[in-house]
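One file, input.txt, is given below (compact mmCIF, C-alpha atoms).
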```txt
# COMPACT_ATOMS: atom_id res chain seq x y z
CA MET A 509 -22.31 -9.37 10.51
CA THR A 510 -21.24 -13.00 10.61
CA ILE A 511 -18.33 -13.80 8.32
CA ASP A 512 -17.09 -17.33 7.74
CA LEU A 513 -13.42 -17.68 8.61
CA LYS A 514 -11.22 -20.20 6.86
CA GLU A 515 -8.49 -22.27 8.45
CA GLN A 516 -5.69 -20.15 10.00
CA GLU A 517 -7.71 -16.91 9.60
CA ARG A 518 -8.37 -14.45 12.40
CA ILE A 519 -10.14 -11.10 12.80
CA ASP A 520 -8.02 -8.15 14.01
CA ASP A 521 -9.28 -4.82 15.35
CA LEU A 522 -7.94 -1.87 13.32
CA GLN A 523 -8.71 0.63 16.10
CA ARG A 524 -10.21 2.94 13.46
CA ASN A 525 -13.96 3.60 13.12
CA GLY A 526 -14.62 0.24 14.73
CA TYR A 527 -13.24 -1.45 11.61
CA ARG A 528 -11.81 -4.95 11.63
CA ILE A 529 -9.80 -6.98 9.14
CA ILE A 530 -9.42 -10.67 8.36
CA GLN A 531 -5.84 -11.94 8.22
CA ASN A 532 -4.18 -15.30 7.73
CA LYS A 533 -1.01 -15.84 9.72
CA GLU A 534 0.15 -18.43 7.19
CA ALA A 535 -0.23 -16.01 4.27
CA PHE A 536 0.69 -12.35 4.56
CA CYS A 537 -0.34 -9.94 7.31
CA PHE A 538 -0.13 -6.18 6.82
CA GLY A 539 2.72 -4.27 8.45
CA MET A 540 3.74 -0.78 9.47
CA ASP A 541 4.52 0.08 5.83
CA ALA A 542 0.82 -0.13 4.92
CA VAL A 543 -0.18 1.95 7.94
CA LEU A 544 2.40 4.62 7.10
CA LEU A 545 1.36 4.72 3.45
CA SER A 546 -2.28 5.25 4.45
CA GLY A 547 -1.16 8.18 6.60
CA PHE A 548 1.13 9.67 3.94
CA ALA A 549 -1.41 9.47 1.11
CA SER A 550 -3.66 12.47 0.58
CA VAL A 551 -7.16 11.71 -0.69
CA LYS A 552 -9.53 14.65 -1.18
CA GLU A 553 -13.29 14.72 -0.98
CA GLY A 554 -14.93 13.05 -3.95
CA GLU A 555 -11.76 11.43 -5.31
CA THR A 556 -11.46 7.86 -6.56
CA VAL A 557 -8.58 5.65 -5.44
CA LEU A 558 -6.93 2.47 -6.75
CA ASP A 559 -4.66 0.38 -4.52
CA MET A 560 -2.43 -1.89 -6.62
CA GLY A 561 -1.54 -5.18 -4.95
CA THR A 562 -3.98 -4.64 -2.10
CA GLY A 563 -3.32 -7.93 -0.29
CA THR A 564 -5.59 -7.98 2.78
CA GLY A 565 -7.32 -4.80 1.62
CA ILE A 566 -5.78 -2.85 4.49
CA ILE A 567 -4.96 0.33 2.54
CA PRO A 568 -8.44 0.88 0.99
CA ILE A 569 -10.06 0.17 4.37
CA LEU A 570 -7.77 2.59 6.25
CA LEU A 571 -8.12 5.27 3.55
CA GLU A 572 -11.90 4.96 3.67
CA ALA A 573 -11.70 5.46 7.43
CA LYS A 574 -9.32 8.42 7.29
CA THR A 575 -10.40 10.40 4.20
CA GLU A 576 -13.41 11.80 2.36
CA GLY A 577 -12.64 9.85 -0.81
CA LYS A 578 -15.64 8.85 -2.92
CA HIS A 579 -14.68 5.28 -3.84
CA PHE A 580 -11.79 2.88 -3.32
CA THR A 581 -10.71 -0.11 -5.40
CA GLY A 582 -8.22 -2.79 -4.36
CA LEU A 583 -6.54 -4.87 -7.08
CA GLU A 584 -5.07 -8.21 -6.01
CA ILE A 585 -3.73 -11.02 -8.23
CA GLN A 586 -3.95 -13.82 -5.65
CA LYS A 587 -7.49 -15.20 -5.63
CA GLU A 588 -7.40 -16.32 -1.99
CA MET A 589 -6.12 -12.92 -0.82
CA ALA A 590 -8.72 -11.08 -2.91
CA ASP A 591 -11.45 -13.26 -1.40
CA MET A 592 -10.19 -12.54 2.12
CA ALA A 593 -10.05 -8.79 1.40
CA SER A 594 -13.61 -8.89 0.01
CA ARG A 595 -14.83 -10.58 3.18
CA SER A 596 -13.12 -7.85 5.25
CA VAL A 597 -14.95 -5.21 3.22
CA ALA A 598 -18.24 -7.01 3.89
CA LEU A 599 -17.37 -7.44 7.57
CA ASN A 600 -17.21 -3.64 7.87
CA GLY A 601 -20.28 -2.97 5.72
CA LEU A 602 -18.23 -1.09 3.13
CA GLU A 603 -19.43 -2.77 -0.06
CA ASP A 604 -20.74 0.56 -1.41
CA LYS A 605 -17.40 2.30 -0.87
CA ILE A 606 -14.77 -0.38 -1.60
CA ASP A 607 -14.44 -2.87 -4.45
CA ILE A 608 -11.89 -5.70 -4.41
CA VAL A 609 -10.92 -6.91 -7.88
CA ASN A 610 -9.03 -10.14 -8.53
CA GLY A 611 -6.67 -9.25 -11.36
CA ASP A 612 -3.12 -8.59 -12.53
CA ILE A 613 -1.35 -5.27 -11.91
CA LYS A 614 0.24 -5.63 -15.36
CA GLU A 615 -3.28 -5.37 -16.85
CA ALA A 616 -4.66 -2.65 -14.56
CA SER A 617 -5.19 -0.05 -17.29
CA GLN A 618 -7.06 -2.63 -19.38
CA LEU A 619 -9.23 -3.63 -16.43
CA PHE A 620 -10.17 -0.11 -15.35
CA GLY A 621 -9.49 2.07 -18.40
CA ALA A 622 -6.95 4.82 -18.95
CA ALA A 623 -6.98 7.96 -16.78
CA SER A 624 -9.68 6.52 -14.52
CA PHE A 625 -8.41 7.34 -10.99
CA ASP A 626 -7.50 10.51 -9.08
CA VAL A 627 -5.14 8.65 -6.75
CA VAL A 628 -3.21 5.38 -6.95
CA THR A 629 -1.44 3.79 -3.98
CA SER A 630 0.89 0.80 -3.86
CA ASN A 631 2.90 -1.17 -1.33
CA PRO A 632 4.56 -3.39 -3.97
CA PRO A 633 7.01 -6.27 -3.56
CA TYR A 634 10.32 -4.82 -2.35
CA MET A 635 12.74 -7.55 -3.35
CA ASN A 636 14.00 -8.07 -6.88
CA ASP A 637 15.99 -11.24 -6.10
CA ALA A 638 13.11 -13.54 -6.98
CA HIS A 639 15.47 -15.96 -8.75
CA GLY A 640 16.48 -17.35 -5.34
CA LEU A 641 12.98 -18.39 -4.30
CA LYS A 642 12.25 -22.10 -3.92
CA ASN A 643 8.46 -21.75 -4.19
CA PRO A 644 7.36 -18.53 -5.92
CA ASP A 645 3.66 -19.39 -5.57
CA VAL A 646 3.29 -18.96 -1.83
CA PRO A 647 1.50 -15.74 -0.78
CA LYS A 648 4.39 -14.34 1.27
CA ALA A 649 6.81 -14.75 -1.63
CA VAL A 650 4.44 -13.02 -4.06
CA ALA A 651 3.92 -10.15 -1.61
CA ARG A 652 7.62 -9.60 -0.88
CA HIS A 653 9.44 -10.52 -4.10
CA GLU A 654 9.00 -9.37 -7.70
CA VAL A 655 7.69 -12.75 -8.80
CA LEU A 656 4.53 -11.69 -10.65
CA CYS A 657 5.31 -8.03 -11.40
CA THR A 658 8.30 -5.68 -11.38
CA LEU A 659 8.62 -2.10 -10.18
CA GLU A 660 8.52 -1.01 -13.82
CA ASP A 661 5.24 -2.89 -14.35
CA VAL A 662 3.67 -1.11 -11.38
CA VAL A 663 4.84 2.36 -12.40
CA ARG A 664 3.81 1.91 -16.04
CA GLU A 665 0.27 0.90 -15.08
CA VAL A 666 0.03 3.64 -12.45
CA ALA A 667 0.85 6.23 -15.11
CA ARG A 668 -1.81 4.80 -17.40
CA CYS A 669 -4.52 4.57 -14.72
CA LEU A 670 -3.99 8.06 -13.27
CA LYS A 671 -5.83 11.09 -14.54
CA PRO A 672 -3.59 14.01 -15.67
CA GLY A 673 -2.43 15.69 -12.47
CA GLY A 674 -3.36 12.57 -10.48
CA ARG A 675 -1.21 11.47 -7.56
CA PHE A 676 0.68 8.25 -6.87
CA TYR A 677 1.67 7.24 -3.33
CA LEU A 678 4.32 4.55 -2.91
CA VAL A 679 6.13 2.90 0.00
CA HIS A 680 9.36 1.09 -0.83
CA ARG A 681 12.95 0.47 0.30
CA PRO A 682 15.58 3.26 0.28
CA HIS A 683 18.24 1.08 -1.35
CA ARG A 684 16.16 1.12 -4.55
CA LEU A 685 15.53 4.87 -4.52
CA ILE A 686 17.50 5.67 -7.68
CA GLU A 687 15.70 2.89 -9.54
CA ILE A 688 12.34 4.14 -8.23
CA ILE A 689 12.88 7.74 -9.30
CA THR A 690 14.18 6.66 -12.71
CA ALA A 691 11.11 4.49 -13.25
CA LEU A 692 8.76 7.27 -12.15
CA THR A 693 10.25 10.01 -14.31
CA SER A 694 10.47 7.73 -17.36
CA CYS A 695 6.66 7.46 -17.16
CA ARG A 696 6.17 11.21 -16.57
CA LEU A 697 5.36 10.68 -12.91
CA GLU A 698 7.23 13.49 -11.19
CA PRO A 699 8.29 12.90 -7.56
CA LYS A 700 6.96 15.79 -5.44
CA ARG A 701 7.26 14.64 -1.80
CA MET A 702 9.55 12.16 -0.09
CA LYS A 703 9.77 11.03 3.52
CA MET A 704 12.24 8.58 5.02
CA VAL A 705 11.17 6.16 7.76
CA HIS A 706 13.61 5.08 10.48
CA PRO A 707 12.87 2.22 12.91
CA TYR A 708 14.76 4.08 15.68
CA VAL A 709 16.24 7.57 15.82
CA ASP A 710 19.81 6.25 15.57
CA ARG A 711 19.16 3.70 12.80
CA GLU A 712 19.34 4.18 9.06
CA ALA A 713 16.10 4.47 7.11
CA ASN A 714 14.42 1.19 6.15
CA MET A 715 11.44 2.61 4.24
CA VAL A 716 10.76 5.55 1.94
CA LEU A 717 7.39 7.17 1.17
CA ILE A 718 7.03 8.99 -2.16
CA GLU A 719 4.30 11.08 -3.76
CA ALA A 720 4.51 11.55 -7.53
CA VAL A 721 2.22 13.58 -9.80
CA ARG A 722 1.33 12.61 -13.36
CA GLY A 723 2.70 15.36 -15.59
CA GLY A 724 3.97 17.42 -12.65
CA LYS A 725 6.84 19.90 -12.81
CA SER A 726 10.27 18.92 -11.57
CA MET A 727 10.60 19.83 -7.87
CA ILE A 728 10.70 17.56 -4.84
CA LYS A 729 10.17 18.34 -1.16
CA VAL A 730 12.03 16.10 1.27
CA GLU A 731 9.96 16.13 4.44
CA ALA A 732 11.02 15.49 8.03
CA PRO A 733 11.60 11.79 8.64
CA ILE A 734 9.41 9.46 10.65
CA VAL A 735 10.84 7.51 13.57
CA VAL A 736 8.68 4.48 14.38
CA TYR A 737 9.89 3.31 17.80
CA LYS A 738 11.07 5.08 20.99
CA GLU A 739 12.27 1.73 22.28
CA PRO A 740 11.48 -1.89 21.40
CA GLY A 741 7.72 -2.36 21.34
CA VAL A 742 6.92 1.31 22.10
CA TYR A 743 5.82 3.56 19.22
CA THR A 744 6.81 7.23 19.08
CA ASP A 745 4.17 9.89 19.73
CA GLU A 746 4.08 10.64 15.99
CA ILE A 747 2.93 7.11 15.18
CA TYR A 748 0.13 7.33 17.75
CA GLU A 749 -0.93 10.91 16.94
CA ILE A 750 -0.55 11.22 13.18
CA TYR A 751 -1.16 7.66 12.08
CA GLY A 752 -3.64 6.71 14.77
CA TYR A 753 -2.18 3.27 15.30
```

Show the structure stored in the file as structure tokens.
Amino acid sequence: MTIDLKEQERIDDLQRNGYRIIQNKEAFCFGMDAVLLSGFASVKEGETVLDMGTGTGIIPILLEAKTEGKHFTGLEIQKEMADMASRSVALNGLEDKIDIVNGDIKEASQLFGAASFDVVTSNPPYMNDAHGLKNPDVPKAVARHEVLCTLEDVVREVARCLKPGGRFYLVHRPHRLIEIITALTSCRLEPKRMKMVHPYVDREANMVLIEAVRGGKSMIKVEAPIVVYKEPGVYTDEIYEIYGY
């Protein structure tokens, strides 16, 4: 299929199912956090999935490639990013399996209805120091800083959109772990699995992956950590084998 590319856009090979993705180097390109989240998330046959703040659409596309989920929806507030994600869906012929919706996370439950998804994923903005930004409208700022939504906004809408017993998969920063767990439990999203991600074996964790269940009982399993690199530029066997990247 021929897809029109806009200025600064390129097509990257995802090395999964022959899928490709459109990215804009001047906006926001997906990173290892999105790849790890798609590997950590469990989507069962026939389930429906919502990705909040989908950006390039990378997580719905990877989850469609890796799982037997029935349908995937990506929600993105930035019109240009949503358009780019939609063109990536079309590029891969996935229009029947993936919808990209241009809308606000803070209104997700109004857009889709309460208790409407089996699984919700999110790779939300990590930084809450948005007051220091000079231009909060640029795509990179919106993706990285809590300019347009807070962690609490995300968690509240996740809880509303999930079916009872539904699962939420989140990637975030370890330094906000207490805040994350407090936000989750306040919305009756019970953390069930947690995995730390270390860039190198001798470095402290720089990402955390969490699974929470709507209405789940209180018990969490802390899984073995992930180490991303053996040495600069060389992924560990786990990254290649488990995450297929």

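From CA of Ser630 (chain A) back to CA of Val742 (chain A), the distance works out to 26.7 Å.
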
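Comparing A:Ile567, A:Ala590, A:Ala720, A:Asp512 by their smallest distance to Asp541 (chain A), the closest is A:Ile567 (using all atoms listed in the file).
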
May I ask which of the residues A:Pro733, A:Pro633, A:Gly561, A:Gly539 is the closest one to His680 (chain A), counting all atoms listed in the file?
A:Pro633

So how many Å separate CA of Asp604 (chain A) and CA of Asn532 (chain A), to one decimal?
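CA of Asn532 (chain A) lies at a distance of 24.7 Å from CA of Asp604 (chain A).
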
Any idea what's packed within 8 Å of Leu692 (chain A), counting all atoms listed in the file, ignoring anything in its chain fewer than 5 positions away? Could you give it as a ChimeraX atom specification?
/A:663,697-699,720

Can you report as JSON the centre and edge lengths in Å, to one decimal, of an axis-aligned box around the listed atoms of region 741-746 of chain A padded with 6 Å on each side?
```
{"center_x": 5.9, "center_y": 4.1, "center_z": 19.0, "size_x": 15.6, "size_y": 25.0, "size_z": 18.1}
```

Which residues come within 7 Å of Met704 (chain A), counting only C-alpha atoms, excluding same-chain residues fewer than 2 positions away, as an NGL selection string?
:A and (702 or 706 or 713 or 715-717 or 733-734)

Residue among A:Ser624, A:Thr658, A:Thr581, A:Gln516 lying closest to Leu602 (chain A), counting only C-alpha atoms:
A:Thr581

Near-Asp607 (chain A) list (8 Å; only C-alpha atoms; drop same-chain fewer than 2 positions) as a list in words
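Contacts, in chain order: Phe580, Thr581, Gly582, Ser594, Glu603, Asp604, Lys605 and Val609 of chain A.
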
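The space between CA of Ile689 (chain A) and CA of Leu659 (chain A) spans 10.8 Å.
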